[in-house]
file structure_38.cif (mmCIF, C-alpha atoms and all ligand atoms)
data_final
#
loop_
_atom_site.label_atom_id
_atom_site.label_comp_id
_atom_site.auth_asym_id
_atom_site.auth_seq_id
_atom_site.Cartn_x
_atom_site.Cartn_y
_atom_site.Cartn_z
CA MET A 1 0.00 0.00 0.00
CA LEU A 2 1.52 3.31 -1.10
CA ILE A 3 0.75 6.27 1.14
CA LEU A 4 1.41 9.94 0.51
CA GLY A 5 2.21 11.72 3.79
CA ILE A 6 1.77 15.46 4.32
CA GLU A 7 3.24 17.39 7.25
CA SER A 8 2.66 21.11 7.93
CA THR A 9 2.15 21.39 11.69
CA CYS A 10 4.83 24.00 12.39
CA ASP A 11 7.74 25.29 10.30
CA GLU A 12 8.49 22.40 7.96
CA THR A 13 6.51 21.69 4.80
CA ALA A 14 7.01 18.03 4.00
CA CYS A 15 5.72 15.29 1.70
CA ALA A 16 6.78 11.66 1.57
CA LEU A 17 5.85 8.42 -0.16
CA VAL A 18 6.01 5.30 1.98
CA LYS A 19 5.11 1.71 1.08
CA ASP A 20 3.46 -0.58 3.65
CA GLY A 21 4.34 1.66 6.59
CA ARG A 22 8.11 1.13 6.29
CA GLU A 23 9.73 1.48 2.90
CA ILE A 24 10.49 5.16 2.31
CA LEU A 25 10.46 5.93 -1.43
CA SER A 26 10.93 9.66 -0.87
CA ASN A 27 11.00 12.05 2.07
CA ILE A 28 11.16 15.72 1.08
CA VAL A 29 11.32 18.45 3.73
CA SER A 30 11.31 22.16 3.02
CA SER A 31 12.55 23.81 6.19
CA GLN A 32 11.66 27.40 7.10
CA VAL A 33 14.63 27.87 9.44
CA ASP A 34 15.95 30.77 7.31
CA LEU A 35 12.61 32.56 7.58
CA HIS A 36 12.34 32.41 11.37
CA ALA A 37 16.05 32.68 12.30
CA GLU A 38 16.04 36.46 12.81
CA PHE A 39 13.16 36.13 15.33
CA GLY A 40 14.78 33.26 17.28
CA GLY A 41 11.54 31.24 17.02
CA VAL A 42 8.63 30.41 14.73
CA VAL A 43 6.37 33.30 13.61
CA PRO A 44 3.00 31.59 12.89
CA GLU A 45 1.76 33.96 10.16
CA LEU A 46 5.04 33.71 8.24
CA ALA A 47 5.01 29.93 8.64
CA CYS A 48 1.51 29.67 7.12
CA ARG A 49 2.38 31.84 4.13
CA ARG A 50 5.46 29.73 3.40
CA HIS A 51 3.45 26.49 3.67
CA VAL A 52 1.06 27.77 0.99
CA GLU A 53 3.97 28.55 -1.35
CA ALA A 54 5.93 25.39 -0.63
CA LEU A 55 3.34 22.62 -0.52
CA ILE A 56 2.77 21.96 -4.24
CA PRO A 57 6.49 22.13 -5.19
CA VAL A 58 7.35 19.80 -2.28
CA LEU A 59 4.58 17.39 -3.36
CA ASP A 60 5.87 17.40 -6.95
CA GLU A 61 9.43 16.79 -5.74
CA ALA A 62 8.35 13.90 -3.50
CA LEU A 63 6.42 12.20 -6.34
CA LYS A 64 9.33 12.68 -8.73
CA ALA A 65 11.92 11.37 -6.24
CA ALA A 66 9.77 8.29 -5.59
CA GLY A 67 9.26 7.75 -9.32
CA VAL A 68 5.46 7.59 -8.97
CA THR A 69 2.41 9.67 -9.90
CA LEU A 70 -0.66 10.56 -7.87
CA ASP A 71 -2.50 7.70 -9.60
CA ASP A 72 -0.14 5.22 -7.91
CA VAL A 73 -1.01 6.54 -4.44
CA ASP A 74 -3.49 4.39 -2.46
CA ALA A 75 -4.23 6.86 0.36
CA ILE A 76 -3.20 10.20 1.82
CA ALA A 77 -2.14 10.65 5.46
CA VAL A 78 -1.91 14.13 6.95
CA ALA A 79 -0.85 15.52 10.33
CA HIS A 80 -4.04 16.97 11.83
CA SER A 81 -2.95 17.70 15.43
CA PRO A 82 -1.36 19.23 17.42
CA GLY A 83 0.27 22.29 15.85
CA LEU A 84 -0.25 25.86 14.68
CA ILE A 85 -3.88 25.98 13.60
CA GLY A 86 -3.29 27.92 10.37
CA ALA A 87 -0.41 25.68 9.40
CA LEU A 88 -2.43 22.50 10.09
CA LEU A 89 -5.31 23.76 7.93
CA ILE A 90 -3.04 24.13 4.90
CA GLY A 91 -1.90 20.51 5.03
CA ILE A 92 -5.35 19.15 5.86
CA ASN A 93 -7.11 21.05 3.10
CA ALA A 94 -4.49 19.91 0.59
CA ALA A 95 -5.03 16.30 1.73
CA LYS A 96 -8.81 16.63 1.49
CA ALA A 97 -8.61 18.18 -1.99
CA LEU A 98 -6.33 15.37 -3.19
CA ALA A 99 -8.52 12.70 -1.61
CA PHE A 100 -11.67 14.19 -3.12
CA SER A 101 -10.27 14.62 -6.62
CA LEU A 102 -8.44 11.27 -6.71
CA LYS A 103 -11.34 9.42 -4.98
CA LYS A 104 -8.95 7.92 -2.46
CA PRO A 105 -9.13 7.76 1.33
CA PHE A 106 -7.34 10.20 3.59
CA ILE A 107 -6.51 9.80 7.25
CA GLY A 108 -5.62 12.29 9.99
CA ILE A 109 -2.51 11.54 12.03
CA ASN A 110 -1.42 12.76 15.44
CA HIS A 111 1.96 14.45 14.96
CA ILE A 112 3.26 13.34 18.38
CA GLU A 113 2.40 9.68 17.79
CA ALA A 114 4.05 10.01 14.39
CA HIS A 115 7.29 11.24 16.02
CA LEU A 116 7.32 8.01 18.03
CA TYR A 117 6.45 5.92 14.99
CA ALA A 118 9.63 7.33 13.39
CA SER A 119 11.57 5.18 15.88
CA ILE A 120 9.44 2.13 15.16
CA MET A 121 9.98 2.45 11.41
CA SER A 122 13.72 2.89 12.04
CA SER A 123 13.95 -0.48 13.79
CA SER A 124 14.14 -3.79 11.94
CA THR A 125 12.80 -5.92 14.80
CA GLU A 126 9.30 -6.37 16.23
CA LEU A 127 8.29 -4.07 19.04
CA GLN A 128 6.87 -5.17 22.41
CA PHE A 129 3.95 -3.19 23.84
CA PRO A 130 3.25 -1.48 26.16
CA ALA A 131 6.04 0.96 25.38
CA LEU A 132 6.90 4.33 26.83
CA GLY A 133 7.19 7.15 24.29
CA ILE A 134 9.40 10.14 25.00
CA VAL A 135 8.73 13.07 22.67
CA LEU A 136 11.28 15.86 22.90
CA SER A 137 10.80 18.53 20.26
CA GLY A 138 10.47 22.25 19.70
CA GLY A 139 6.76 22.17 20.40
CA HIS A 140 6.27 19.17 22.68
CA THR A 141 7.70 17.41 25.70
CA SER A 142 5.58 14.40 26.54
CA LEU A 143 5.76 10.96 28.06
CA MET A 144 3.24 8.65 26.41
CA HIS A 145 1.97 5.17 27.20
CA LEU A 146 1.59 3.21 23.95
CA THR A 147 -0.37 -0.02 23.57
CA SER A 148 0.09 0.00 19.76
CA PRO A 149 1.75 2.38 17.27
CA HIS A 150 -1.44 4.45 17.09
CA GLN A 151 -2.96 4.01 20.55
CA SER A 152 -1.42 6.21 23.16
CA THR A 153 -2.28 8.19 26.25
CA ILE A 154 -0.31 11.10 27.63
CA ILE A 155 1.28 10.34 31.01
CA ALA A 156 3.10 13.64 31.45
CA LYS A 157 3.85 16.82 29.56
CA THR A 158 5.44 20.19 29.99
CA VAL A 159 3.45 22.80 31.85
CA ASP A 160 5.32 25.65 30.13
CA ASP A 161 8.18 25.59 27.57
CA ALA A 162 8.89 22.48 25.51
CA VAL A 163 12.44 21.21 25.95
CA GLY A 164 13.48 22.17 22.39
CA GLU A 165 11.91 25.59 22.90
CA ALA A 166 14.04 26.00 26.04
CA PHE A 167 17.15 25.07 24.01
CA ASP A 168 16.18 27.70 21.42
CA LYS A 169 15.54 30.38 24.05
CA VAL A 170 18.76 29.65 25.97
CA ALA A 171 20.64 29.84 22.66
CA LYS A 172 19.09 33.25 22.06
CA ILE A 173 20.18 34.39 25.56
CA LEU A 174 23.73 33.25 24.72
CA GLY A 175 23.67 35.05 21.36
CA LEU A 176 23.67 31.84 19.32
CA SER A 177 21.80 31.20 16.10
CA TYR A 178 18.41 29.49 15.61
CA PRO A 179 17.63 26.61 15.97
CA GLY A 180 19.50 26.60 19.24
CA GLY A 181 19.64 22.87 20.02
CA PRO A 182 22.59 21.93 17.82
CA GLU A 183 24.47 25.11 18.90
CA ILE A 184 24.00 24.36 22.60
CA GLU A 185 25.11 20.76 22.05
CA ARG A 186 28.24 21.95 20.24
CA LEU A 187 29.25 24.51 22.90
CA ALA A 188 28.45 22.14 25.77
CA LEU A 189 31.18 19.79 24.51
CA ALA A 190 33.77 22.34 25.67
CA GLY A 191 31.89 23.37 28.82
CA ASP A 192 31.98 22.51 32.51
CA PRO A 193 28.44 21.40 33.48
CA THR A 194 29.17 21.84 37.21
CA ARG A 195 30.26 25.52 37.16
CA PHE A 196 26.68 26.85 37.40
CA SER A 197 24.15 25.19 39.63
CA PHE A 198 20.82 24.89 37.78
CA LYS A 199 17.62 23.03 38.65
CA ALA A 200 14.78 21.84 36.44
CA GLY A 201 11.27 22.75 37.51
CA ARG A 202 9.14 20.55 39.76
CA VAL A 203 5.39 20.39 39.30
CA LYS A 204 4.08 19.61 42.79
CA GLU A 205 0.66 18.19 41.96
CA SER A 206 1.98 16.18 39.05
CA PRO A 207 5.58 15.06 39.67
CA LEU A 208 6.11 13.49 36.22
CA ASP A 209 5.24 16.72 34.39
CA PHE A 210 8.02 18.94 33.09
CA SER A 211 8.77 22.63 33.57
CA PHE A 212 11.69 24.28 31.76
CA SER A 213 10.75 27.92 31.95
CA GLY A 214 12.45 28.50 35.35
CA LEU A 215 15.60 26.76 34.15
CA LYS A 216 15.74 29.03 31.11
CA THR A 217 15.31 32.10 33.34
CA ALA A 218 18.05 30.82 35.68
CA VAL A 219 20.43 30.75 32.69
CA LEU A 220 19.41 34.33 31.86
CA TYR A 221 20.12 35.54 35.42
CA ALA A 222 23.43 33.65 35.61
CA SER A 223 24.52 35.25 32.32
CA ARG A 224 23.51 38.73 33.55
CA LYS A 225 25.73 38.36 36.62
CA LEU A 226 28.81 37.97 34.41
CA PRO A 227 30.71 41.15 33.48
CA THR A 228 30.98 40.03 29.85
CA ILE A 229 30.16 36.68 28.33
CA THR A 230 33.30 34.97 27.08
CA TYR A 231 33.35 31.89 24.87
CA GLN A 232 34.11 29.73 27.95
CA ASP A 233 31.15 31.27 29.82
CA GLN A 234 28.90 30.37 26.88
CA CYS A 235 30.20 26.80 26.91
CA ASP A 236 29.76 26.40 30.68
CA LEU A 237 26.24 27.86 30.65
CA ALA A 238 25.28 25.63 27.72
CA ALA A 239 26.73 22.53 29.41
CA GLY A 240 25.03 23.28 32.74
CA PHE A 241 21.67 23.91 31.08
CA GLN A 242 21.86 20.84 28.86
CA GLN A 243 22.88 18.52 31.68
CA THR A 244 20.13 19.79 33.99
CA ALA A 245 17.43 19.44 31.31
CA PHE A 246 18.51 15.94 30.26
CA SER A 247 18.94 14.63 33.84
CA ASP A 248 15.36 15.73 34.47
CA VAL A 249 14.12 13.94 31.33
CA LEU A 250 16.05 10.78 32.30
CA GLN A 251 14.77 10.72 35.87
CA LYS A 252 11.11 11.23 34.95
CA THR A 253 11.32 8.75 32.07
CA LEU A 254 12.69 5.99 34.32
CA GLN A 255 10.08 6.75 36.96
CA ALA A 256 7.27 6.57 34.36
CA ALA A 257 8.68 3.37 32.82
CA ARG A 258 8.72 1.67 36.23
CA LEU A 259 5.23 2.92 37.11
CA HIS A 260 3.70 1.77 33.80
CA GLN A 261 5.84 -1.36 33.46
CA CYS A 262 7.29 -0.51 30.06
CA GLN A 263 10.51 -2.22 28.98
CA THR A 264 10.76 -0.39 25.66
CA LEU A 265 11.54 3.31 25.39
CA LEU A 266 10.66 4.98 22.09
CA PHE A 267 12.17 8.38 21.38
CA GLY A 268 10.94 11.04 18.98
CA GLY A 269 11.44 14.71 18.08
CA GLY A 270 14.29 16.99 17.09
CA VAL A 271 15.98 17.06 20.50
CA THR A 272 16.59 13.30 20.26
CA ASN A 273 19.25 14.14 17.67
CA ASN A 274 21.42 15.17 20.61
CA LYS A 275 24.31 12.73 21.19
CA LYS A 276 24.70 13.67 24.84
CA LEU A 277 21.06 12.69 25.44
CA ARG A 278 21.51 9.38 23.62
CA ASN A 279 24.71 8.58 25.55
CA LEU A 280 23.06 9.44 28.86
CA PHE A 281 20.19 7.01 28.24
CA GLU A 282 22.49 4.28 26.87
CA LYS A 283 24.50 4.57 30.09
CA GLU A 284 21.75 5.03 32.67
CA ALA A 285 18.67 3.25 31.29
CA LEU A 286 20.16 -0.20 31.59
CA GLY A 287 17.82 -3.12 30.97
CA TYR A 288 15.48 -1.09 28.75
CA ARG A 289 15.22 -1.45 25.00
CA LEU A 290 15.90 1.98 23.49
CA LEU A 291 14.61 2.91 20.04
CA TRP A 292 15.84 6.13 18.42
CA PRO A 293 14.69 7.70 15.15
CA ALA A 294 17.05 7.18 12.21
CA ALA A 295 18.76 10.14 10.53
CA GLY A 296 16.19 12.21 8.64
CA LEU A 297 13.32 11.00 10.83
CA SER A 298 13.89 12.87 14.11
CA LEU A 299 13.02 16.38 12.97
CA ASP A 300 9.59 17.07 11.47
CA ASN A 301 9.06 14.99 8.33
CA ALA A 302 6.23 13.37 6.37
CA ALA A 303 7.63 9.82 6.19
CA MET A 304 6.60 9.30 9.81
CA ILE A 305 3.09 10.58 8.94
CA ALA A 306 2.73 8.25 5.93
CA GLY A 307 4.21 5.34 7.91
CA LEU A 308 1.76 5.68 10.78
CA GLY A 309 -1.04 6.34 8.25
CA PHE A 310 -0.60 2.79 6.96
CA HIS A 311 -1.34 1.33 10.42
CA LYS A 312 -4.20 3.70 11.11
CA LEU A 313 -5.84 2.78 7.82
CA GLN A 314 -5.75 -0.90 8.77
CA GLN A 315 -7.85 0.05 11.77
CA LYS A 316 -10.10 2.66 10.10
CA LYS A 317 -10.53 1.25 6.62
CA GLY A 318 -12.38 4.08 4.84
CA GLY A 319 -10.21 6.77 6.44
CA ASP A 320 -11.61 10.06 7.74
CA LEU A 321 -14.52 12.10 6.41
CA LEU A 322 -14.22 15.41 4.60
CA ASN A 323 -15.62 17.31 7.61
CA PHE A 324 -12.61 16.13 9.64
CA GLU A 325 -11.00 19.06 11.48
CA ALA A 326 -7.59 20.28 12.57
CA ILE A 327 -6.93 20.35 16.32
CA ALA A 328 -4.30 22.78 17.60
CA THR A 329 -3.71 21.27 21.05
CA SER A 330 -2.70 17.79 22.12
O1 LIG B 1 10.78 17.84 16.14
P1 LIG B 1 11.13 19.21 15.70
O2 LIG B 1 11.49 19.39 14.25
O3 LIG B 1 9.98 20.24 15.96
C1 LIG B 1 8.74 20.10 16.55
O4 LIG B 1 7.96 19.17 16.25
O5 LIG B 1 8.49 20.97 17.41
O6 LIG B 1 12.31 19.72 16.65
C2 LIG B 1 12.90 20.98 16.56
C3 LIG B 1 13.60 21.26 17.88
C4 LIG B 1 14.21 22.65 17.97
O7 LIG B 1 13.79 23.25 19.18
C5 LIG B 1 15.71 22.39 17.97
O8 LIG B 1 16.45 23.35 18.69
C6 LIG B 1 15.78 21.03 18.62
O9 LIG B 1 14.67 20.33 18.08
N1 LIG B 1 17.02 20.31 18.29
C7 LIG B 1 17.95 19.95 19.21
C8 LIG B 1 19.01 19.34 18.49
N2 LIG B 1 18.68 19.33 17.16
C9 LIG B 1 17.46 19.93 17.06
N3 LIG B 1 17.97 20.12 20.55
C10 LIG B 1 19.06 19.66 21.22
N4 LIG B 1 20.13 19.08 20.59
C11 LIG B 1 20.13 18.90 19.25
N5 LIG B 1 21.19 18.35 18.66
ZN ZN B 2 7.45 17.68 15.55
#

call {"tool": "encode", "arguments": {"input": "structure_38.cif", "output": "structure tokens", "more": "lines below"}}
Ligand code: KG4
Ligand code: ZN
result
Amino acid sequence: MLILGIESTCDETACALVKDGREILSNIVSSQVDLHAEFGGVVPELACRRHVEALIPVLDEALKAAGVTLDDVDAIAVAHSPGLIGALLIGINAAKALAFSLKKPFIGINHIEAHLYASIMSSSTELQFPALGIVLSGGHTSLMHLTSPHQSTIIAKTVDDAVGEAFDKVAKILGLSYPGGPEIERLALAGDPTRFSFKAGRVKESPLDFSFSGLKTAVLYASRKLPTITYQDQCDLAAGFQQTAFSDVLQKTLQAARLHQCQTLLFGGGVTNNKKLRNLFEKEALGYRLLWPAAGLSLDNAAMIAGLGFHKLQQKKGGDLLNFEAIATS
């Protein structure tokens, strides 16, 4: 079954063609990083305008790279939640128009579940459920309990900034470029994580939830106390921030895995590109099976949408109806 995936939840316009939920024939991503860089974060109105311009060229490129035409496509899968509402509508309406004109089914996909499916499609062996999903991206920080690739419940989430958002904001404080995650990771390699003493937020009523806004502000105050910020200061602040954020993710993940009796940890989202994070889990999460997204599948992409679409269509044969709506929140 050949599925066309469409992704437009935030600042990437992407289309992909995937066979039987696994075989990626093409995976084209048009990133808007250049557009949002000067603002240090995503500007929703600009993102929507760029999606409108980019979608058809990206679709054409994906079909061409896969060596297929729209007639070869069996169904269309589109990210319908969560995300920027205007951005979601562009992808969904394109999917509906294609489905209507081609007389083929379309199916709405949860972007967060798709991030986790990226790890499943990156692995060659069968997965044991229940599994614990850890989504660490620019827009989301969630722990999910999965009983199948497309059946999940949220165990915990951030009450303020997403972890990737905190990386981007700390990078801005340190005068680094956007997106901040890779910059922070690079500087942290030469930094002393113990020089500054930072703490991640605690959410009293809900101890597995995350809070990164206070940590980000602590980095701001620590940087303001310095007479000037040298390269070594930048490195030490980056290392301290990164270590604090990742220790918090590790601790809460292990707690949730024990509580929900999950032996498999599935990772998804742009922050999971970070080698320090991967090394920390490989070292500390002993006895758990760790699944990471392959290169090209951790940041926003449409292959993960098409891949999960295959499984969802097995469950919901005719797909979704044309009155199906976008949902901004998770
Ligand atoms: O998954 P993604 O494309 O976006 C959302 O779905 O929100 O992730 C983008 C986020 C950005 O915040 C970026 O700074 C972060 O992932 N990121 C990283 C790294 N690479 C990307 N954060 C930490 N370390 C990295 N190496
Ligand atoms: Zn994402």

call {"tool": "residues_near_ligand", "arguments": {"input": "structure_38.cif", "ligand": "ligand LIG 1 (chain B)", "cutoff": "9 Å", "atoms": "only C-alpha atoms and all ligand atoms", "output": "mmCIF file with C-alpha atoms, in the frame of the given file"}}
result
data_model
loop_
_atom_site.group_PDB
_atom_site.id
_atom_site.type_symbol
_atom_site.label_atom_id
_atom_site.label_comp_id
_atom_site.auth_asym_id
_atom_site.auth_seq_id
_atom_site.Cartn_x
_atom_site.Cartn_y
_atom_site.Cartn_z
ATOM 1 C CA THR A 9 2.150 21.390 11.690
ATOM 2 C CA CYS A 10 4.830 24.000 12.390
ATOM 3 C CA ASP A 11 7.740 25.290 10.300
ATOM 4 C CA GLU A 12 8.490 22.400 7.960
ATOM 5 C CA GLY A 41 11.540 31.240 17.020
ATOM 6 C CA GLY A 83 0.270 22.290 15.850
ATOM 7 C CA HIS A 111 1.960 14.450 14.960
ATOM 8 C CA ILE A 112 3.260 13.340 18.380
ATOM 9 C CA HIS A 115 7.290 11.240 16.020
ATOM 10 C CA VAL A 135 8.730 13.070 22.670
ATOM 11 C CA LEU A 136 11.280 15.860 22.900
ATOM 12 C CA SER A 137 10.800 18.530 20.260
ATOM 13 C CA GLY A 138 10.470 22.250 19.700
ATOM 14 C CA GLY A 139 6.760 22.170 20.400
ATOM 15 C CA HIS A 140 6.270 19.170 22.680
ATOM 16 C CA ALA A 162 8.890 22.480 25.510
ATOM 17 C CA VAL A 163 12.440 21.210 25.950
ATOM 18 C CA GLY A 164 13.480 22.170 22.390
ATOM 19 C CA GLU A 165 11.910 25.590 22.900
ATOM 20 C CA ALA A 166 14.040 26.000 26.040
ATOM 21 C CA PHE A 167 17.150 25.070 24.010
ATOM 22 C CA ASP A 168 16.180 27.700 21.420
ATOM 23 C CA LYS A 169 15.540 30.380 24.050
ATOM 24 C CA ALA A 171 20.640 29.840 22.660
ATOM 25 C CA TYR A 178 18.410 29.490 15.610
ATOM 26 C CA PRO A 179 17.630 26.610 15.970
ATOM 27 C CA GLY A 180 19.500 26.600 19.240
ATOM 28 C CA GLY A 181 19.640 22.870 20.020
ATOM 29 C CA PRO A 182 22.590 21.930 17.820
ATOM 30 C CA GLU A 183 24.470 25.110 18.900
ATOM 31 C CA ILE A 184 24.000 24.360 22.600
ATOM 32 C CA GLU A 185 25.110 20.760 22.050
ATOM 33 C CA ARG A 186 28.240 21.950 20.240
ATOM 34 C CA GLN A 242 21.860 20.840 28.860
ATOM 35 C CA GLY A 268 10.940 11.040 18.980
ATOM 36 C CA GLY A 269 11.440 14.710 18.080
ATOM 37 C CA GLY A 270 14.290 16.990 17.090
ATOM 38 C CA VAL A 271 15.980 17.060 20.500
ATOM 39 C CA THR A 272 16.590 13.300 20.260
ATOM 40 C CA ASN A 273 19.250 14.140 17.670
ATOM 41 C CA ASN A 274 21.420 15.170 20.610
ATOM 42 C CA LYS A 275 24.310 12.730 21.190
ATOM 43 C CA LYS A 276 24.700 13.670 24.840
ATOM 44 C CA LEU A 277 21.060 12.690 25.440
ATOM 45 C CA SER A 298 13.890 12.870 14.110
ATOM 46 C CA LEU A 299 13.020 16.380 12.970
ATOM 47 C CA ASP A 300 9.590 17.070 11.470
ATOM 48 C CA ASN A 301 9.060 14.990 8.330
#

call {"tool": "residues_near_point", "arguments": {"input": "structure_38.cif", "point": "(4.5, 2.2, 31.4)", "cutoff": "12 Å", "atoms": "all atoms listed in the file", "output": "PyMOL selection string"}}
result
chain A and resi 128-134+143-147+152-156+252-266+288

call {"tool": "atom_distance", "arguments": {"input": "structure_38.cif", "atom1": "atom CA of Ile24 of chain A", "atom2": "atom CA of Phe324 of chain A"}}
result
26.6 Å

call {"tool": "residues_around", "arguments": {"input": "structure_38.cif", "residues": "Met304 of chain A", "least_positions_apart": "3", "cutoff": "8 Å", "atoms": "only C-alpha atoms", "output": "ChimeraX atom specification"}}
result
/A:5,114-115,117-118,121,297,301,307-308

call {"tool": "closest_residue", "arguments": {"input": "structure_38.cif", "among": "A:Trp292, A:Ala188, A:Lys317, A:Ser330", "to": "Thr158 of chain A", "atoms": "only C-alpha atoms"}}
result
A:Ser330

call {"tool": "closest_residue", "arguments": {"input": "structure_38.cif", "among": "A:Asp209, A:Lys19, A:His150, A:Leu4", "to": "Val78 of chain A", "atoms": "all atoms listed in the file"}}
result
A:Leu4

call {"tool": "residues_around", "arguments": {"input": "structure_38.cif", "residues": "Glu325 of chain A", "least_positions_apart": "2", "cutoff": "9 Å", "atoms": "all atoms listed in the file", "output": "list in words"}}
result
His80, Leu89, Ile92, Gly108, Leu322, Asn323 and Ile327 of chain A
